[in-house]
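A short worksheet on the structure shown next.
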Amino acid sequence: MAFSYWESTEWLEGLDLIVIGGGIVGVSAALHAKSKRPNWKIAVIERDSFGGGGSTKNAGFACFGSMTELMHDRATLGDTEALTLLKKRIDGLKLLRKTLGDKAIGYQECGSLELIRKGTNYEMPDQVAFAEMNEWAEQATSSASTFHVAKANELNGIDGARIDGAVSSPLEGAINTGKMILTLRSMAQKKGIRLLLGLNVKDWERGDGMHRVQVQRLSADGGEDNLWAETPRVIIATNAFAKELMPSCDVQPQPNVVLVTAPIPALKFNRTVHMDAGYLYARNVQNRMLIGGGRHLGLEREEELVKALTSVLNTLFPETDGTPFEYKWTGLLGVGTTRNPIVKSVHPGCVIAVRMGGMGVAIGMQLGQECINLLLAE
Ligand SMILES: Cc1cc2nc3c(=O)[nH]c(=O)nc-3n(C[C@H](O)[C@H](O)[C@H](O)COP(=O)(O)OP(=O)(O)OC[C@H]3O[C@@H](n4cnc5c(N)ncnc54)[C@H](O)[C@@H]3O)c2cc1C
């Protein structure tokens with residue numbers, strides 16, 4: 001079977017822009033392009049019917065980095081670059097909330113805690129570090145108190161004997177990831193952007209003025225249809241999968257496991273939690289507890305990792321003890337040699353925006369917009 005005449009002509013011919021990847025970055029790029037060039041015919045091609053990437057699988061932290069993560073960013077990237085990244089996250093979150101609306105994305109200004117777990121190599125920052133970090137972060141957050149030592153009443157629901165201390169950040173929040181991506185996609189569809197779910201981009205060729213994108217549809221009988229669509233502009237927003245279309249790109253897929261418990265009706269704890277410099281995270285999701293991450297624990301087998309995550313959750317949050325998990329999934333982070341995302345023009349008319357790391361919710365929409373600004377500035 002091949003693409004029908006209608007499928008070819010109405011969906012895939014005469015496109016002014018093809019965006020590969022239907023996550024937060026790709027759809028935001030398409031929306032921004034439409035707002036700048038309302039007459040453009042735009043398609044977002046996404047191979048998974050839900051979206052196979054982090055945008056539908058993330059934990060819903062509306063975060064910009066825990067205190068120790070940001071200290072690490074400053075040490076590795078330098079003060080200026082780390083501050084630029086922090087500003088991107090803060091501005092990106094504001095943009096996401098303003099564009100989609102807090103209600104539509106289930107935004108909660110719950111604040112976050114960073115727990116310094118006993119028996120780990122992570123240390124509670126001292127008062128000097130708090131003063132120094134607050135002064136530095138204020139340039140991005142406009143708050144003199146981005147971080148403070150958590151007060152006793154902020155630790156409700158946590159076994160205090162299991163931690164050496166906790167950092168509170170009132171500026172972080174949480175979203176409902178499903179609501180966010182559904183709202184984003186419905187906004188794009190209302191603007192006339194074609195969201196083509198279930199089509200894989202198998203290959204692409206940069207050209208002189210026009211580029212070619214090979215679109216593949218797998219059929220139920222195991223066969224496949226292929227079609228080369230032509231377009232003057234391409235955006236690649238495939239994050240963790242970037243190497244498939246750009247083998248030399250510095251992006252590695254990194255699996256991240258997430259678990260969600262059955263409901264716990266009287267659950268007291270209602271914040272987002274960072275642990276172990278961001279490698280572990282937990283939060284309340286509609287009176288269930290979510291826990292995820294743990295790739296730093298070096299546990300190869302999934303059962304071992306699940307056991308370790310269960311133990312962390314049950315010991316730190318005694319209310320969860322004995323409650324089974326009802327959901328478990330794995331998503332892929334796109335990471336590389338630095339924490340900076342890659343947004344750049346790779347050829348006239350071709351821009352890539354990948355390597356979102358663990359904070360794509362915060363930076364995704366803004367970087368989607370940045371791609372279009374790059375294309376339009378050519
Ligand atoms: C388990 C997990 C938890 C996370 N938690 C958080 C969090 O709490 N807060 C936060 O800020 N960030 C979090 N992140 C990171 C965040 O989700 C990502 O950084 C962000 O969603 C990346 O968005 P994206 O649009 O760049 O990529 P994606 O959402 O990965 O979208 C890329 C899309 O491209 C599609 N694609 C790939 N190749 C092709 C192809 N050849 N043809 C067609 N389509 C293709 C994929 O199917 C995918 O849907 C988490 C990530 C994971 C995995």
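Residue numbers start at 1 in each chain; chains themselves are named A, B, ... in the order of the structure tokens; ligands are numbered from 1 in the order shown.
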Notebook entry, point to check: Using only C-alpha atoms and all ligand atoms, what are the residues with an atom within 6 Å of ligand 1, set out as a PyMOL selection string?
Noted result: chain A and resi 20-26+45-48+51-55+57-62+200-202+237-241+256-258+330-333+354+356-362+364
Could those residues be written to a file, using N, CA and C atoms, as a tab-separated table (two decimals), in the first residue's frame?
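The result, written out as out.tsv:
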chain	number	residue	atom	x	y	z
A	20	ILE	N	10.30	17.82	12.74
A	20	ILE	CA	10.41	16.39	13.06
A	20	ILE	C	10.46	16.25	14.59
A	21	GLY	N	9.45	15.57	15.15
A	21	GLY	CA	9.37	15.41	16.61
A	21	GLY	C	8.23	16.23	17.17
A	22	GLY	N	7.27	15.54	17.80
A	22	GLY	CA	6.06	16.21	18.30
A	22	GLY	C	6.05	16.38	19.80
A	23	GLY	N	7.21	16.61	20.41
A	23	GLY	CA	7.27	16.90	21.85
A	23	GLY	C	7.09	18.39	22.08
A	24	ILE	N	7.39	18.79	23.30
A	24	ILE	CA	7.18	20.19	23.68
A	24	ILE	C	7.98	21.15	22.77
A	25	VAL	N	9.19	20.74	22.39
A	25	VAL	CA	10.03	21.62	21.58
A	25	VAL	C	9.46	21.74	20.16
A	26	GLY	N	9.16	20.59	19.55
A	26	GLY	CA	8.69	20.60	18.16
A	26	GLY	C	7.37	21.33	18.00
A	45	ILE	N	5.83	16.10	12.35
A	45	ILE	CA	5.78	14.65	12.12
A	45	ILE	C	6.29	13.94	13.37
A	46	GLU	N	5.44	13.08	13.91
A	46	GLU	CA	5.75	12.41	15.19
A	46	GLU	C	5.47	10.92	15.01
A	47	ARG	N	6.44	10.10	15.33
A	47	ARG	CA	6.26	8.68	15.00
A	47	ARG	C	5.43	7.89	16.00
A	48	ASP	N	5.25	8.41	17.20
A	48	ASP	CA	4.51	7.67	18.22
A	48	ASP	C	3.13	8.31	18.38
A	51	GLY	N	3.40	10.18	21.49
A	51	GLY	CA	4.64	10.95	21.62
A	51	GLY	C	5.57	10.06	22.41
A	52	GLY	N	6.62	9.59	21.77
A	52	GLY	CA	7.44	8.57	22.42
A	52	GLY	C	8.54	9.13	23.30
A	53	GLY	N	8.58	10.43	23.44
A	53	GLY	CA	9.71	11.04	24.16
A	53	GLY	C	9.36	11.51	25.55
A	54	GLY	N	10.25	12.34	26.09
A	54	GLY	CA	10.10	12.82	27.46
A	54	GLY	C	8.85	13.67	27.66
A	55	SER	N	8.34	14.26	26.60
A	55	SER	CA	7.23	15.22	26.80
A	55	SER	C	5.95	14.58	27.32
A	57	LYS	N	6.27	11.59	29.08
A	57	LYS	CA	6.71	10.60	30.08
A	57	LYS	C	7.37	11.25	31.28
A	58	ASN	N	7.47	12.57	31.28
A	58	ASN	CA	8.24	13.21	32.37
A	58	ASN	C	7.45	13.25	33.68
A	59	ALA	N	8.13	13.74	34.71
A	59	ALA	CA	7.56	13.70	36.06
A	59	ALA	C	6.77	14.97	36.41
A	60	GLY	N	6.79	15.94	35.51
A	60	GLY	CA	5.98	17.14	35.73
A	60	GLY	C	6.54	18.13	36.73
A	61	PHE	N	7.86	18.15	36.87
A	61	PHE	CA	8.47	19.16	37.74
A	61	PHE	C	8.60	20.44	36.95
A	62	ALA	N	8.06	21.52	37.47
A	62	ALA	CA	8.27	22.83	36.84
A	62	ALA	C	9.44	23.44	37.60
A	200	ASN	N	7.01	7.98	10.87
A	200	ASN	CA	8.43	8.06	11.24
A	200	ASN	C	9.19	8.81	10.15
A	201	VAL	N	10.14	9.63	10.55
A	201	VAL	CA	11.05	10.19	9.55
A	201	VAL	C	12.27	9.28	9.51
A	202	LYS	N	12.43	8.65	8.35
A	202	LYS	CA	13.46	7.63	8.22
A	202	LYS	C	14.80	8.27	7.84
A	237	ALA	N	13.61	18.20	16.12
A	237	ALA	CA	13.39	18.33	17.57
A	237	ALA	C	13.15	16.94	18.14
A	238	THR	N	14.12	16.07	17.95
A	238	THR	CA	13.92	14.67	18.33
A	238	THR	C	14.68	14.29	19.61
A	239	ASN	N	15.26	15.27	20.25
A	239	ASN	CA	15.89	15.11	21.56
A	239	ASN	C	16.73	13.84	21.73
A	240	ALA	N	16.28	12.93	22.57
A	240	ALA	CA	17.10	11.74	22.88
A	240	ALA	C	17.38	10.88	21.64
A	241	PHE	N	16.55	11.03	20.61
A	241	PHE	CA	16.67	10.19	19.41
A	241	PHE	C	17.49	10.88	18.32
A	256	ASN	N	15.23	6.55	32.06
A	256	ASN	CA	14.87	7.06	33.38
A	256	ASN	C	13.55	6.40	33.78
A	257	VAL	N	13.59	5.70	34.91
A	257	VAL	CA	12.40	4.96	35.36
A	257	VAL	C	11.55	5.83	36.28
A	258	VAL	N	10.23	5.73	36.13
A	258	VAL	CA	9.31	6.47	37.00
A	258	VAL	C	8.28	5.49	37.57
A	330	THR	N	9.30	3.87	31.59
A	330	THR	CA	10.66	4.38	31.36
A	330	THR	C	10.60	5.39	30.23
A	331	GLY	N	11.27	6.50	30.44
A	331	GLY	CA	11.37	7.51	29.38
A	331	GLY	C	12.84	7.75	29.09
A	332	LEU	N	13.11	8.39	27.96
A	332	LEU	CA	14.51	8.65	27.60
A	332	LEU	C	14.84	10.12	27.73
A	333	LEU	N	15.88	10.39	28.53
A	333	LEU	CA	16.42	11.75	28.59
A	333	LEU	C	17.42	11.90	27.45
A	354	VAL	N	17.91	20.03	20.31
A	354	VAL	CA	17.93	18.72	20.99
A	354	VAL	C	18.74	18.83	22.30
A	356	MET	N	17.77	18.17	25.68
A	356	MET	CA	17.06	18.98	26.68
A	356	MET	C	17.38	18.56	28.11
A	357	GLY	N	18.10	17.44	28.29
A	357	GLY	CA	18.45	17.01	29.65
A	357	GLY	C	17.20	16.76	30.49
A	358	GLY	N	17.32	17.02	31.77
A	358	GLY	CA	16.22	16.71	32.68
A	358	GLY	C	15.30	17.89	32.96
A	359	MET	N	15.43	18.96	32.17
A	359	MET	CA	14.58	20.13	32.45
A	359	MET	C	13.90	20.69	31.22
A	360	GLY	N	13.49	19.79	30.33
A	360	GLY	CA	12.86	20.21	29.08
A	360	GLY	C	11.51	20.87	29.27
A	361	VAL	N	10.84	20.57	30.38
A	361	VAL	CA	9.55	21.24	30.62
A	361	VAL	C	9.80	22.74	30.75
A	362	ALA	N	10.89	23.07	31.45
A	362	ALA	CA	11.18	24.49	31.68
A	362	ALA	C	11.68	25.18	30.41
A	364	GLY	N	11.75	23.88	27.15
A	364	GLY	CA	11.30	23.38	25.85
A	364	GLY	C	10.60	24.41	24.96
Can I get the residues of segment 42-147 of chain A within 12 Å of segment 31-35 of chain A, each with the closest pair of atoms and their distance in Å to one decimal, using only C-alpha atoms, sorted chain first then ascending number, as a Markdown table?
| residue | atom | partner | partner_atom | distance |
| --- | --- | --- | --- | --- |
| A:Ile42 | CA | A:Lys34 | CA | 7.7 |
| A:Ala43 | CA | A:Leu31 | CA | 10.6 |
| A:Val44 | CA | A:Leu31 | CA | 10.1 |
| A:Leu95 | CA | A:His32 | CA | 11.9 |
| A:Thr99 | CA | A:Leu31 | CA | 10.5 |
| A:Leu100 | CA | A:Leu31 | CA | 11.7 |
Check: Which residue gives the smallest distance to Phe325 of chain A among A:Leu290, A:Leu12, A:Leu299, A:Ile105, with only C-alpha atoms counted?
Finding: A:Leu290
Taking a cut-off of 12 Å and counting only C-alpha atoms, can you build a table that, for each residue of segment 153-192 of chain A near segment 270-273 of chain A, reports the nearest atom pair and how far apart they are in Å (one decimal), sorted by chain then residue number, as JSON lines?
{"residue": "A:Glu154", "atom": "CA", "partner": "A:Arg271", "partner_atom": "CA", "distance": 9.0}
{"residue": "A:Leu155", "atom": "CA", "partner": "A:Arg271", "partner_atom": "CA", "distance": 9.6}
{"residue": "A:Asn156", "atom": "CA", "partner": "A:Asn270", "partner_atom": "CA", "distance": 9.0}
{"residue": "A:Gly157", "atom": "CA", "partner": "A:Asn270", "partner_atom": "CA", "distance": 8.8}
{"residue": "A:Ile158", "atom": "CA", "partner": "A:Val273", "partner_atom": "CA", "distance": 10.8}
{"residue": "A:Ala166", "atom": "CA", "partner": "A:Val273", "partner_atom": "CA", "distance": 9.8}
{"residue": "A:Val167", "atom": "CA", "partner": "A:Val273", "partner_atom": "CA", "distance": 9.8}
{"residue": "A:Ser168", "atom": "CA", "partner": "A:Val273", "partner_atom": "CA", "distance": 9.4}
{"residue": "A:Ser169", "atom": "CA", "partner": "A:Thr272", "partner_atom": "CA", "distance": 9.8}
{"residue": "A:Pro170", "atom": "CA", "partner": "A:Arg271", "partner_atom": "CA", "distance": 9.7}
{"residue": "A:Leu171", "atom": "CA", "partner": "A:Thr272", "partner_atom": "CA", "distance": 11.2}
{"residue": "A:Glu172", "atom": "CA", "partner": "A:Thr272", "partner_atom": "CA", "distance": 8.1}
{"residue": "A:Gly173", "atom": "CA", "partner": "A:Thr272", "partner_atom": "CA", "distance": 7.1}
{"residue": "A:Ala174", "atom": "CA", "partner": "A:Thr272", "partner_atom": "CA", "distance": 7.1}
{"residue": "A:Ile175", "atom": "CA", "partner": "A:Thr272", "partner_atom": "CA", "distance": 10.4}
Note to self: If we count only C-alpha atoms and set the cut-off at 8 Å, which residues sit around segment 279-289 of chain A, ignoring sequence neighbours fewer than 6 positions away in its own chain? Please answer as number ranges by chain.
What the structure shows: A: 260-267, 269-273, 295-296, 313, 320
Write the selection just made, keeping N, CA and C atoms, as a tab-separated table (two decimals), in the first residue's frame?
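Saved as out_8.tsv:
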chain	number	residue	atom	x	y	z
A	260	VAL	N	4.70	5.25	40.16
A	260	VAL	CA	3.64	6.01	40.85
A	260	VAL	C	2.82	5.03	41.69
A	261	THR	N	2.61	5.39	42.96
A	261	THR	CA	1.89	4.48	43.87
A	261	THR	C	0.38	4.52	43.62
A	262	ALA	N	-0.30	3.62	44.27
A	262	ALA	CA	-1.76	3.69	44.37
A	262	ALA	C	-2.11	4.93	45.19
A	263	PRO	N	-3.36	5.41	45.14
A	263	PRO	CA	-3.72	6.59	45.93
A	263	PRO	C	-3.48	6.37	47.43
A	264	ILE	N	-3.04	7.45	48.09
A	264	ILE	CA	-2.86	7.44	49.55
A	264	ILE	C	-3.75	8.58	50.06
A	265	PRO	N	-4.98	8.29	50.46
A	265	PRO	CA	-5.97	9.35	50.67
A	265	PRO	C	-5.51	10.47	51.60
A	266	ALA	N	-4.81	10.14	52.69
A	266	ALA	CA	-4.46	11.22	53.63
A	266	ALA	C	-3.03	11.72	53.43
A	267	LEU	N	-2.50	11.57	52.25
A	267	LEU	CA	-1.10	11.94	52.02
A	267	LEU	C	-0.85	13.40	52.39
A	269	PHE	N	2.26	14.95	52.33
A	269	PHE	CA	3.35	15.60	51.61
A	269	PHE	C	2.88	16.11	50.25
A	270	ASN	N	3.14	17.39	49.96
A	270	ASN	CA	2.57	17.92	48.71
A	270	ASN	C	3.55	18.74	47.87
A	271	ARG	N	4.84	18.53	48.06
A	271	ARG	CA	5.81	19.31	47.29
A	271	ARG	C	6.52	18.43	46.26
A	272	THR	N	7.38	19.08	45.49
A	272	THR	CA	8.28	18.29	44.65
A	272	THR	C	9.59	18.14	45.42
A	273	VAL	N	10.27	17.03	45.18
A	273	VAL	CA	11.50	16.74	45.94
A	273	VAL	C	12.64	16.36	45.00
A	295	ARG	N	19.58	6.82	38.11
A	295	ARG	CA	20.59	6.25	37.21
A	295	ARG	C	21.99	6.29	37.82
A	296	HIS	N	22.23	7.18	38.81
A	296	HIS	CA	23.54	7.28	39.46
A	296	HIS	C	23.81	6.09	40.38
A	313	LEU	N	11.69	5.63	48.84
A	313	LEU	CA	10.38	6.24	49.05
A	313	LEU	C	9.80	5.86	50.42
A	320	THR	N	3.99	6.20	52.71
A	320	THR	CA	3.89	5.39	51.49
A	320	THR	C	4.13	3.91	51.75
Next item on the list: Fewer than 5 positions away in the same chain doesn't count, so skip those; otherwise give me all residues within 10 Å of segment 4-8 of chain A, counting only C-alpha atoms, as number ranges by chain.
Entry: A: 13-14, 227-229
So that I have them on file, write out the residues from the current selection with C-alpha atoms, as a short mmCIF file (atom, residue, chain, number, x, y, z; two decimals), in the first residue's frame.
data_model
loop_
_atom_site.label_atom_id
_atom_site.label_comp_id
_atom_site.auth_asym_id
_atom_site.auth_seq_id
_atom_site.Cartn_x
_atom_site.Cartn_y
_atom_site.Cartn_z
CA GLU A 13 3.08 18.47 -0.31
CA GLY A 14 3.76 22.19 -0.48
CA LEU A 227 7.35 9.15 0.61
CA TRP A 228 9.89 11.94 0.17
CA ALA A 229 8.34 15.28 1.19
#
Margin query: Given only C-alpha atoms as the basis, pick out the residue of A:Asp276, A:Glu244, A:Asp159, A:Glu69 nearest to Leu316 of chain A.
Written below: A:Asp159
Note to self: Taking the DSSP secondary structure from the backbone, can you list the residues of segment 192-335 of chain A that are helix (DSSP H, G or I), as a VMD selection string?
What the structure shows: chain A and resid 239 to 245 276 to 278 295 to 297 302 to 316 318 to 320
Go ahead and dump the residues you just picked, C-alpha atoms, as a short mmCIF file (atom, residue, chain, number, x, y, z; two decimals), in the first residue's frame.
data_model
loop_
_atom_site.label_atom_id
_atom_site.label_comp_id
_atom_site.auth_asym_id
_atom_site.auth_seq_id
_atom_site.Cartn_x
_atom_site.Cartn_y
_atom_site.Cartn_z
CA ASN A 239 15.89 15.11 21.56
CA ALA A 240 17.10 11.74 22.88
CA PHE A 241 16.67 10.19 19.41
CA ALA A 242 18.79 12.84 17.69
CA LYS A 243 21.54 10.45 16.63
CA GLU A 244 19.16 8.47 14.41
CA LEU A 245 18.97 11.38 11.97
CA ASP A 276 21.17 13.23 45.26
CA ALA A 277 21.93 16.35 43.18
CA GLY A 278 18.85 15.82 41.03
CA ARG A 295 20.59 6.25 37.21
CA HIS A 296 23.54 7.28 39.46
CA LEU A 297 22.97 4.18 41.61
CA GLU A 302 15.40 -2.89 36.48
CA GLU A 303 14.13 -5.01 39.41
CA GLU A 304 17.09 -3.84 41.49
CA LEU A 305 16.45 -0.21 40.62
CA VAL A 306 12.75 -0.53 41.44
CA LYS A 307 13.66 -2.11 44.77
CA ALA A 308 16.06 0.73 45.55
CA LEU A 309 13.51 3.39 44.59
CA THR A 310 10.87 1.65 46.71
CA SER A 311 13.19 1.63 49.68
CA VAL A 312 14.06 5.33 49.32
CA LEU A 313 10.38 6.24 49.05
CA ASN A 314 9.19 4.11 51.95
CA THR A 315 11.93 5.17 54.33
CA LEU A 316 11.77 8.89 53.60
CA PRO A 318 6.60 6.63 55.91
CA GLU A 319 3.03 7.27 54.69
CA THR A 320 3.89 5.39 51.49
#
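You can rank A:Glu135, A:Glu378, A:Asp164, A:Asp91 by their closest distance to Gly349 of chain A using only C-alpha atoms, and at the top of that list sits A:Glu378.
Take the candidates A:Val213, A:Ser49, A:Met124, A:Thr9 and check each one against Pro232 of chain A using only C-alpha atoms; the shortest distance goes to A:Val213.
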Next item on the list: Compare A:Ile235, A:Leu86, A:Leu184, A:Leu259 by their minimum atom-to-atom distance to His211 of chain A, counting only C-alpha atoms, and give me the closest one.
Entry: A:Ile235
Checklist line | Nearby residues (only C-alpha atoms) at most 9 Å from Arg206 of chain A, same-chain spacing under 3 positions excluded, as a list in words | finding: Gly209, Met210, His211, Arg212, Val213, Val234, His347, Pro348, Gly349 and Cys350 of chain A
Pull C-alpha atoms from the residues just selected and write them as a JSON list (two decimals), in the first residue's frame.
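For reference, again32.json as written:
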[["chain", "number", "residue", "atom", "x", "y", "z"],
["A", 209, "GLY", "CA", 16.99, 25.80, -1.13],
["A", 210, "MET", "CA", 14.78, 22.70, -0.81],
["A", 211, "HIS", "CA", 15.31, 19.77, 1.57],
["A", 212, "ARG", "CA", 13.87, 16.26, 1.46],
["A", 213, "VAL", "CA", 12.36, 14.35, 4.35],
["A", 234, "VAL", "CA", 13.24, 21.66, 8.49],
["A", 347, "HIS", "CA", 22.49, 24.19, 7.09],
["A", 348, "PRO", "CA", 20.54, 27.08, 5.52],
["A", 349, "GLY", "CA", 16.89, 26.30, 6.29],
["A", 350, "CYS", "CA", 17.70, 23.51, 8.78]]
Which polymer residues have any atom within 8 Å of an atom of Ala137 of chain A, counting only C-alpha atoms, with same-chain residues fewer than 4 positions away left out, as a PDB file with N, CA and C atoms, in the first residue's frame?
ATOM      1  N   LEU A  83      24.433  30.878  34.686  1.00  0.00           N
ATOM      2  CA  LEU A  83      23.370  31.864  34.914  1.00  0.00           C
ATOM      3  C   LEU A  83      22.481  31.997  33.674  1.00  0.00           C
ATOM      4  N   LEU A  86      20.170  29.112  33.790  1.00  0.00           N
ATOM      5  CA  LEU A  86      19.143  29.301  34.821  1.00  0.00           C
ATOM      6  C   LEU A  86      18.069  30.285  34.331  1.00  0.00           C
ATOM      7  N   MET A 133      24.764  31.601  46.944  1.00  0.00           N
ATOM      8  CA  MET A 133      23.879  31.092  45.890  1.00  0.00           C
ATOM      9  C   MET A 133      22.662  32.002  45.720  1.00  0.00           C
ATOM     10  N   THR A 141      16.177  34.960  39.219  1.00  0.00           N
ATOM     11  CA  THR A 141      14.854  34.725  39.825  1.00  0.00           C
ATOM     12  C   THR A 141      14.196  36.014  40.308  1.00  0.00           C
ATOM     13  N   SER A 142      14.983  37.086  40.438  1.00  0.00           N
ATOM     14  CA  SER A 142      14.516  38.366  41.008  1.00  0.00           C
ATOM     15  C   SER A 142      14.026  38.197  42.436  1.00  0.00           C
ATOM     16  N   SER A 143      14.463  37.137  43.108  1.00  0.00           N
ATOM     17  CA  SER A 143      14.087  36.947  44.511  1.00  0.00           C
ATOM     18  C   SER A 143      15.375  36.843  45.333  1.00  0.00           C
ATOM     19  N   THR A 146      15.876  32.684  46.967  1.00  0.00           N
ATOM     20  CA  THR A 146      15.540  31.547  46.083  1.00  0.00           C
ATOM     21  C   THR A 146      15.591  30.246  46.885  1.00  0.00           C
TER      22      THR A 146
END
Next item on the list: Would you mind listing what lies within 8 Å of Cys371 of chain A as a list in words, with only C-alpha atoms counted and same-chain residues fewer than 5 positions away left out?
Entry: Ala29, Ile235, Val343, Lys344, Val351, Ile352 and Ala353 of chain A
Next item on the list: Report the residues of segment 283-365 of chain A whose backbone DSSP state falls under strand (DSSP E), written as number ranges by chain.
Entry: A: 283-285, 288-293, 325-335, 342-347, 350-354
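The space separating atom CA of Arg74 of chain A from atom CA of Thr177 of chain A comes to 28.7 Å.
Between Phe147 of chain A and the residues A:Ala161, A:Cys249, A:Ala131, A:Ile372, the shortest atom-to-atom distance, using only C-alpha atoms, involves A:Ala131.
Across the structure, atom CA of Trp204 of chain A and atom CA of Met187 of chain A are spaced 27.5 Å apart.
Across the structure, atom CA of Gln252 of chain A and atom CA of Leu17 of chain A are spaced 26.4 Å apart.
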